[in-house]
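*Asks:* final20.pdb (PDB, C-alpha atoms, pLDDT in the B column) pasted underneath:
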```pdb
ATOM      1  CA  MET D  92      40.031-143.755   9.181  1.00 71.00           C
ATOM      2  CA  THR D  93      38.870-142.584  12.599  1.00 78.00           C
ATOM      3  CA  THR D  94      35.668-140.637  13.096  1.00 86.00           C
ATOM      4  CA  HIS D  95      35.294-137.345  14.931  1.00 84.00           C
ATOM      5  CA  PHE D  96      33.607-139.261  17.730  1.00 83.00           C
ATOM      6  CA  GLU D  97      36.486-141.735  18.051  1.00 85.00           C
ATOM      7  CA  ARG D  98      38.991-138.870  18.165  1.00 85.00           C
ATOM      8  CA  PHE D  99      36.906-137.095  20.811  1.00 85.00           C
ATOM      9  CA  ARG D 100      36.743-140.284  22.877  1.00 82.00           C
ATOM     10  CA  ALA D 101      40.496-140.639  22.536  1.00 81.00           C
ATOM     11  CA  GLY D 102      40.921-137.296  24.285  1.00 80.00           C
ATOM     12  CA  TYR D 103      41.060-134.789  21.423  1.00 79.00           C
ATOM     13  CA  ALA D 104      38.660-132.130  22.681  1.00 82.00           C
ATOM     14  CA  ALA D 105      38.979-130.204  19.406  1.00 83.00           C
ATOM     15  CA  ALA D 106      37.248-133.089  17.609  1.00 86.00           C
ATOM     16  CA  PHE D 107      34.091-132.290  19.564  1.00 88.00           C
ATOM     17  CA  ASP D 108      33.388-129.219  17.385  1.00 89.00           C
ATOM     18  CA  ALA D 109      33.483-131.369  14.267  1.00 88.00           C
ATOM     19  CA  LEU D 110      31.299-133.971  16.002  1.00 86.00           C
ATOM     20  CA  VAL D 111      28.716-131.302  16.848  1.00 89.00           C
ATOM     21  CA  ALA D 112      28.745-130.040  13.247  1.00 90.00           C
ATOM     22  CA  GLU D 113      28.259-133.586  11.957  1.00 89.00           C
ATOM     23  CA  TYR D 114      25.382-134.565  14.253  1.00 89.00           C
ATOM     24  CA  THR D 115      23.489-131.320  14.914  1.00 89.00           C
ATOM     25  CA  GLY D 116      21.103-131.867  11.985  1.00 92.00           C
ATOM     26  CA  PRO D 117      20.161-135.471  12.761  1.00 91.00           C
ATOM     27  CA  ALA D 118      19.934-134.727  16.504  1.00 92.00           C
ATOM     28  CA  PHE D 119      17.673-131.742  15.822  1.00 92.00           C
ATOM     29  CA  ALA D 120      15.429-133.895  13.597  1.00 91.00           C
ATOM     30  CA  ALA D 121      15.153-136.527  16.353  1.00 89.00           C
ATOM     31  CA  ALA D 122      14.291-133.858  18.944  1.00 91.00           C
ATOM     32  CA  VAL D 123      11.679-132.176  16.716  1.00 89.00           C
ATOM     33  CA  GLN D 124      10.051-135.557  16.145  1.00 89.00           C
ATOM     34  CA  VAL D 125       9.523-135.898  19.910  1.00 86.00           C
ATOM     35  CA  LEU D 126       8.780-132.274  20.849  1.00 87.00           C
ATOM     36  CA  ARG D 127       7.042-130.930  17.714  1.00 85.00           C
ATOM     37  CA  ASP D 128       8.531-127.505  18.523  1.00 86.00           C
ATOM     38  CA  PRO D 129      11.762-126.289  16.883  1.00 88.00           C
ATOM     39  CA  ALA D 130      12.635-123.889  19.714  1.00 88.00           C
ATOM     40  CA  LEU D 131      12.320-126.627  22.330  1.00 90.00           C
ATOM     41  CA  ALA D 132      14.182-129.023  20.047  1.00 91.00           C
ATOM     42  CA  GLU D 133      17.142-126.616  19.955  1.00 93.00           C
ATOM     43  CA  GLU D 134      17.203-126.628  23.756  1.00 93.00           C
ATOM     44  CA  ALA D 135      17.083-130.434  23.828  1.00 93.00           C
ATOM     45  CA  VAL D 136      19.912-130.722  21.280  1.00 93.00           C
ATOM     46  CA  GLN D 137      22.072-128.371  23.316  1.00 94.00           C
ATOM     47  CA  ASP D 138      21.417-130.491  26.399  1.00 93.00           C
ATOM     48  CA  ALA D 139      22.187-133.643  24.398  1.00 93.00           C
ATOM     49  CA  PHE D 140      25.598-132.345  23.378  1.00 91.00           C
ATOM     50  CA  VAL D 141      26.378-131.371  26.971  1.00 92.00           C
ATOM     51  CA  ARG D 142      25.528-134.944  27.966  1.00 91.00           C
ATOM     52  CA  LEU D 143      27.655-136.254  25.121  1.00 90.00           C
ATOM     53  CA  TRP D 144      30.589-134.118  26.294  1.00 88.00           C
ATOM     54  CA  GLN D 145      30.191-135.466  29.832  1.00 89.00           C
ATOM     55  CA  ARG D 146      29.541-139.134  28.959  1.00 86.00           C
ATOM     56  CA  GLY D 147      31.246-139.644  25.618  1.00 82.00           C
ATOM     57  CA  ARG D 148      33.771-142.017  27.037  1.00 79.00           C
ATOM     58  CA  GLN D 149      30.993-144.345  28.282  1.00 83.00           C
ATOM     59  CA  PHE D 150      30.106-145.360  24.726  1.00 85.00           C
ATOM     60  CA  ASP D 151      30.506-149.097  24.088  1.00 82.00           C
ATOM     61  CA  PRO D 152      30.948-149.904  20.365  1.00 81.00           C
ATOM     62  CA  ALA D 153      29.966-153.504  21.052  1.00 84.00           C
ATOM     63  CA  ARG D 154      26.432-152.368  21.925  1.00 84.00           C
ATOM     64  CA  GLY D 155      25.723-150.374  18.748  1.00 83.00           C
ATOM     65  CA  SER D 156      26.844-147.654  16.410  1.00 87.00           C
ATOM     66  CA  GLU D 157      27.984-144.222  17.511  1.00 88.00           C
ATOM     67  CA  ARG D 158      25.245-142.619  15.399  1.00 88.00           C
ATOM     68  CA  SER D 159      22.512-144.612  17.147  1.00 89.00           C
ATOM     69  CA  TRP D 160      23.975-143.795  20.547  1.00 89.00           C
ATOM     70  CA  ILE D 161      24.273-140.059  19.846  1.00 89.00           C
ATOM     71  CA  LEU D 162      20.740-139.863  18.420  1.00 90.00           C
ATOM     72  CA  ALA D 163      19.418-141.827  21.416  1.00 91.00           C
ATOM     73  CA  ILE D 164      20.986-139.215  23.687  1.00 92.00           C
ATOM     74  CA  ALA D 165      19.256-136.454  21.677  1.00 92.00           C
ATOM     75  CA  ARG D 166      15.920-138.274  21.770  1.00 93.00           C
ATOM     76  CA  ASN D 167      16.234-138.907  25.524  1.00 92.00           C
ATOM     77  CA  ALA D 168      17.084-135.237  26.119  1.00 93.00           C
ATOM     78  CA  ALA D 169      13.921-134.277  24.207  1.00 92.00           C
ATOM     79  CA  ILE D 170      11.812-136.721  26.220  1.00 91.00           C
ATOM     80  CA  ASP D 171      13.299-135.392  29.471  1.00 90.00           C
ATOM     81  CA  LEU D 172      12.443-131.832  28.409  1.00 89.00           C
ATOM     82  CA  LEU D 173       8.904-132.908  27.542  1.00 85.00           C
ATOM     83  CA  ARG D 174       8.482-134.540  30.962  1.00 85.00           C
ATOM     84  CA  LYS D 175       9.960-131.525  32.732  1.00 84.00           C
ATOM     85  CA  ARG D 176       7.497-129.193  30.996  1.00 80.00           C
ATOM     86  CA  ALA D 177       4.581-131.514  31.816  1.00 75.00           C
ATOM     87  CA  ARG D 178       5.540-131.531  35.516  1.00 72.00           C
ATOM     88  CA  ALA D 179       5.833-127.726  35.515  1.00 68.00           C
ATOM     89  CA  PHE D 180       2.381-127.463  33.899  1.00 61.00           C
ATOM     90  CA  GLU D 181       0.849-129.787  36.507  1.00 57.00           C
ATOM     91  CA  ARG D 182       2.451-127.794  39.332  1.00 56.00           C
ATOM     92  CA  SER D 183       1.081-124.527  37.920  1.00 51.00           C
ATOM     93  CA  ILE D 184      -2.423-126.040  37.793  1.00 50.00           C
ATOM     94  CA  ASP D 185      -2.052-127.405  41.325  1.00 49.00           C
ATOM     95  CA  ASP D 186      -0.961-123.984  42.606  1.00 51.00           C
ATOM     96  CA  ALA D 187      -3.809-122.053  40.969  1.00 50.00           C
ATOM     97  CA  PRO D 188      -6.531-122.579  43.654  1.00 47.00           C
ATOM     98  CA  SER D 189      -4.389-120.805  46.267  1.00 45.00           C
ATOM     99  CA  VAL D 190      -5.102-117.510  44.480  1.00 43.00           C
ATOM    100  CA  TYR D 191      -8.727-117.649  45.605  1.00 44.00           C
ATOM    101  CA  ALA D 192      -7.779-117.737  49.291  1.00 45.00           C
ATOM    102  CA  VAL D 193      -6.673-114.080  49.089  1.00 47.00           C
ATOM    103  CA  ARG D 194     -10.255-112.754  49.109  1.00 46.00           C
ATOM    104  CA  ASP D 195     -11.539-111.103  52.261  1.00 50.00           C
ATOM    105  CA  PRO D 196     -14.183-113.458  53.759  1.00 51.00           C
ATOM    106  CA  ASP D 197     -15.986-110.497  55.397  1.00 53.00           C
ATOM    107  CA  ASP D 198     -16.594-108.699  52.107  1.00 55.00           C
ATOM    108  CA  THR D 199     -20.385-108.865  51.674  1.00 54.00           C
ATOM    109  CA  TRP D 200     -20.273-107.961  47.991  1.00 50.00           C
ATOM    110  CA  GLN D 201     -17.889-110.859  47.343  1.00 54.00           C
ATOM    111  CA  THR D 202     -20.261-113.206  49.182  1.00 55.00           C
ATOM    112  CA  VAL D 203     -23.276-112.056  47.148  1.00 51.00           C
ATOM    113  CA  LEU D 204     -21.320-112.174  43.915  1.00 52.00           C
ATOM    114  CA  ALA D 205     -20.063-115.683  44.678  1.00 54.00           C
ATOM    115  CA  SER D 206     -23.614-116.810  45.393  1.00 54.00           C
ATOM    116  CA  LEU D 207     -24.981-115.368  42.134  1.00 54.00           C
ATOM    117  CA  THR D 208     -22.162-116.623  39.945  1.00 58.00           C
ATOM    118  CA  GLY D 209     -22.092-119.937  41.799  1.00 64.00           C
ATOM    119  CA  GLU D 210     -25.728-120.639  40.957  1.00 70.00           C
ATOM    120  CA  ARG D 211     -25.197-119.706  37.297  1.00 75.00           C
ATOM    121  CA  LEU D 212     -22.068-121.877  37.236  1.00 74.00           C
ATOM    122  CA  ARG D 213     -24.013-124.855  38.600  1.00 77.00           C
ATOM    123  CA  GLN D 214     -26.582-124.369  35.844  1.00 82.00           C
ATOM    124  CA  ALA D 215     -23.834-124.122  33.218  1.00 82.00           C
ATOM    125  CA  LEU D 216     -22.201-127.297  34.555  1.00 82.00           C
ATOM    126  CA  GLU D 217     -25.487-129.169  34.288  1.00 86.00           C
ATOM    127  CA  GLU D 218     -25.693-128.190  30.610  1.00 88.00           C
ATOM    128  CA  LEU D 219     -22.387-129.919  29.837  1.00 89.00           C
ATOM    129  CA  PRO D 220     -22.243-133.479  28.471  1.00 92.00           C
ATOM    130  CA  ALA D 221     -21.863-135.980  31.332  1.00 91.00           C
ATOM    131  CA  GLU D 222     -18.244-136.944  30.500  1.00 93.00           C
ATOM    132  CA  GLN D 223     -17.140-133.274  30.441  1.00 90.00           C
ATOM    133  CA  GLN D 224     -19.074-132.477  33.609  1.00 88.00           C
ATOM    134  CA  ASP D 225     -17.392-135.421  35.363  1.00 89.00           C
ATOM    135  CA  VAL D 226     -13.828-134.312  34.575  1.00 89.00           C
ATOM    136  CA  ILE D 227     -14.577-130.671  35.507  1.00 84.00           C
ATOM    137  CA  VAL D 228     -15.992-131.711  38.876  1.00 82.00           C
ATOM    138  CA  ARG D 229     -13.072-134.023  39.544  1.00 84.00           C
ATOM    139  CA  ALA D 230     -10.463-131.430  38.517  1.00 82.00           C
ATOM    140  CA  TYR D 231     -11.866-128.218  39.962  1.00 73.00           C
ATOM    141  CA  TYR D 232     -14.048-129.332  42.864  1.00 71.00           C
ATOM    142  CA  GLN D 233     -12.239-132.455  44.021  1.00 73.00           C
ATOM    143  CA  GLY D 234      -8.755-131.157  43.186  1.00 78.00           C
ATOM    144  CA  GLN D 235      -7.661-134.156  41.123  1.00 81.00           C
ATOM    145  CA  ARG D 236      -4.914-133.818  38.537  1.00 87.00           C
ATOM    146  CA  PRO D 237      -5.659-134.844  34.929  1.00 89.00           C
ATOM    147  CA  VAL D 238      -3.237-137.755  35.181  1.00 89.00           C
ATOM    148  CA  ASP D 239      -5.077-139.059  38.263  1.00 88.00           C
ATOM    149  CA  ILE D 240      -8.488-138.622  36.619  1.00 91.00           C
ATOM    150  CA  ALA D 241      -7.237-140.530  33.571  1.00 92.00           C
ATOM    151  CA  ARG D 242      -6.005-143.389  35.735  1.00 91.00           C
ATOM    152  CA  GLU D 243      -9.232-143.513  37.725  1.00 91.00           C
ATOM    153  CA  LEU D 244     -11.480-143.484  34.643  1.00 91.00           C
ATOM    154  CA  GLY D 245      -9.236-145.756  32.575  1.00 93.00           C
ATOM    155  CA  LEU D 246      -8.823-143.128  29.845  1.00 92.00           C
ATOM    156  CA  PRO D 247      -5.774-141.699  28.091  1.00 93.00           C
ATOM    157  CA  GLU D 248      -4.578-138.499  29.780  1.00 91.00           C
ATOM    158  CA  GLY D 249      -4.955-136.637  26.478  1.00 92.00           C
ATOM    159  CA  THR D 250      -8.662-137.525  26.405  1.00 93.00           C
ATOM    160  CA  VAL D 251      -9.134-136.137  29.906  1.00 92.00           C
ATOM    161  CA  ARG D 252      -7.280-132.935  29.008  1.00 92.00           C
ATOM    162  CA  SER D 253      -9.357-132.571  25.819  1.00 92.00           C
ATOM    163  CA  ARG D 254     -12.579-132.966  27.784  1.00 92.00           C
ATOM    164  CA  LEU D 255     -11.387-130.367  30.286  1.00 89.00           C
ATOM    165  CA  ARG D 256     -10.467-127.944  27.509  1.00 91.00           C
ATOM    166  CA  LEU D 257     -13.813-128.411  25.729  1.00 92.00           C
ATOM    167  CA  ALA D 258     -15.783-128.074  28.967  1.00 88.00           C
ATOM    168  CA  LEU D 259     -13.937-124.909  29.974  1.00 86.00           C
ATOM    169  CA  ALA D 260     -14.550-123.382  26.543  1.00 89.00           C
ATOM    170  CA  LYS D 261     -18.294-124.158  26.820  1.00 89.00           C
ATOM    171  CA  LEU D 262     -18.424-122.747  30.349  1.00 82.00           C
ATOM    172  CA  ARG D 263     -16.619-119.601  29.237  1.00 84.00           C
ATOM    173  CA  ASP D 264     -19.107-119.090  26.403  1.00 86.00           C
ATOM    174  CA  THR D 265     -22.120-119.852  28.615  1.00 83.00           C
ATOM    175  CA  LEU D 266     -20.937-117.548  31.408  1.00 77.00           C
ATOM    176  CA  ALA D 267     -19.802-114.697  29.116  1.00 79.00           C
ATOM    177  CA  PRO D 268     -23.004-112.663  29.731  1.00 77.00           C
ATOM    178  CA  VAL D 269     -22.502-112.959  33.504  1.00 67.00           C
ATOM    179  CA  ARG D 270     -18.894-111.804  33.198  1.00 66.00           C
ATOM    180  CA  GLU D 271     -19.849-108.884  30.951  1.00 70.00           C
ATOM    181  CA  ALA D 272     -22.586-107.799  33.354  1.00 67.00           C
ATOM    182  CA  LEU D 273     -20.118-107.735  36.250  1.00 61.00           C
ATOM    183  CA  GLU D 274     -17.397-105.776  34.442  1.00 63.00           C
ATOM    184  CA  PRO D 275     -17.333-102.033  35.160  1.00 56.00           C
TER     185      PRO D 275
END
```
As structure tokens, please, write out the structure in this file.
*Replies:*
Amino acid sequence: MTTHFERFRAGYAAAFDALVAEYTGPAFAAAVQVLRDPALAEEAVQDAFVRLWQRGRQFDPARGSERSWILAIARNAAIDLLRKRARAFERSIDDAPSVYAVRDPDDTWQTVLASLTGERLRQALEELPAEQQDVIVRAYYQGQRPVDIARELGLPEGTVRSRLRLALAKLRDTLAPVREALEP
């Protein structure tokens, strides 16, 4: 008895619908395991089936089962989506400092305000634990990306991102009175 996948590979395009129905559940489970987000997993599964449609005839039964191959495509699609989102996040962080260049350098009030908040920010930075202060300085004053900081310090990237997140939360709390005083 031939499988839906074998019939699809033999050129019966109609068998693809049955193949999708058969493997959507397992492919979704594999994608959720990687992405931890059902909405993103749906996107990855859709991409996986597009890849399967395009490359189905490349399958080599001598190298493994069709189920393993199809689920590997789903898992790889999820990993690709994860990487794509990580690159987009890094680009958005890298682009953020350009917003500050819009200020008018001749605006005296902006200069005074920057001086006052800058001094308070320096004090707040000094209150942070040394490891959090280090990653904040590297990220926001030296312009390093979290992945580069992690490599340089020999730490996992997740640790660097956690330290950044904790430091920013502490700075936000410490500087809240300054922000409230400046709001109209």
*Asks:* Take the PyMOL selection byres ((chain D and resi 118) around 8), apply it to the structure above, and return the hits as a PyMOL selection string.
*Replies:* chain D and resi 114-117+119-122+136+161-162+165-166
*Asks:* For a test of reading the model, state the distance in Å between atom CA of D:Ala169 and atom CA of D:Ala135, rounded to one decimal.
*Replies:*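 One can read the atom CA of D:Ala169 to atom CA of D:Ala135 distance as 5.0 Å.
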*Asks:* Would you compute the distance between atom CA of D:Arg146 and atom CA of D:Leu126? Give it in Å to one decimal.
*Replies:* 23.3 Å
*Asks:* I want to know what sits within 10 Å of D:Leu172, based on all atoms listed in the file, with residues of the same chain fewer than 2 positions away left out; could you give that as number ranges by chain?
*Replies:* D: 122, 125-126, 131-132, 134-135, 138, 166-170, 174-178
*Asks:* How about saving the chosen residues, C-alpha atoms kept, as a compact mmCIF listing (two decimals), in the coordinates of the input?
*Replies:*
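Final file, result_8.txt:
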```
# COMPACT_ATOMS: atom_id res chain seq x y z
CA ALA D 122 14.29 -133.86 18.94
CA VAL D 125 9.52 -135.90 19.91
CA LEU D 126 8.78 -132.27 20.85
CA LEU D 131 12.32 -126.63 22.33
CA ALA D 132 14.18 -129.02 20.05
CA GLU D 134 17.20 -126.63 23.76
CA ALA D 135 17.08 -130.43 23.83
CA ASP D 138 21.42 -130.49 26.40
CA ARG D 166 15.92 -138.27 21.77
CA ASN D 167 16.23 -138.91 25.52
CA ALA D 168 17.08 -135.24 26.12
CA ALA D 169 13.92 -134.28 24.21
CA ILE D 170 11.81 -136.72 26.22
CA ARG D 174 8.48 -134.54 30.96
CA LYS D 175 9.96 -131.52 32.73
CA ARG D 176 7.50 -129.19 31.00
CA ALA D 177 4.58 -131.51 31.82
CA ARG D 178 5.54 -131.53 35.52
```
*Asks:* Excluding D:Gln223 and any residue of its chain fewer than 6 positions from it, enumerate the residues within 7 Å of it, using all atoms listed in the file, and give them as a PyMOL selection string.
*Replies:* chain D and resi 254-255+258
*Asks:* For the structure shown, which residues end up in the PyMOL selection byres ((chain D and resi 94) around 10)? Put them as JSON, numbers by chain, please?
*Replies:* {"D": [92, 93, 95, 96, 97, 98, 99, 100, 106, 109, 110, 157]}
*Asks:* Would you put the residues from that selection into a file with C-alpha atoms, as a CSV table (one decimal), in the frame of the given file?
*Replies:*
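Result went into result_17.csv, see below:
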```csv
chain,number,residue,atom,x,y,z
D,92,MET,CA,40.0,-143.8,9.2
D,93,THR,CA,38.9,-142.6,12.6
D,95,HIS,CA,35.3,-137.3,14.9
D,96,PHE,CA,33.6,-139.3,17.7
D,97,GLU,CA,36.5,-141.7,18.1
D,98,ARG,CA,39.0,-138.9,18.2
D,99,PHE,CA,36.9,-137.1,20.8
D,100,ARG,CA,36.7,-140.3,22.9
D,106,ALA,CA,37.2,-133.1,17.6
D,109,ALA,CA,33.5,-131.4,14.3
D,110,LEU,CA,31.3,-134.0,16.0
D,157,GLU,CA,28.0,-144.2,17.5
```
*Asks:* Return as lines of an AutoDock Vina configuration file the box centre and box size in Å, one decimal, for an axis-aligned box around all listed atoms of stretch 253-261 of chain D padded by 3 Å per side.
*Replies:*
```
center_x = -13.8
center_y = -128.2
center_z = 28.0
size_x = 14.9
size_y = 15.6
size_z = 10.6
```
*Asks:* What's the separation between atom CA of D:Asp151 and atom CA of D:Ala163, in Å to one decimal place?
*Replies:* 13.5 Å
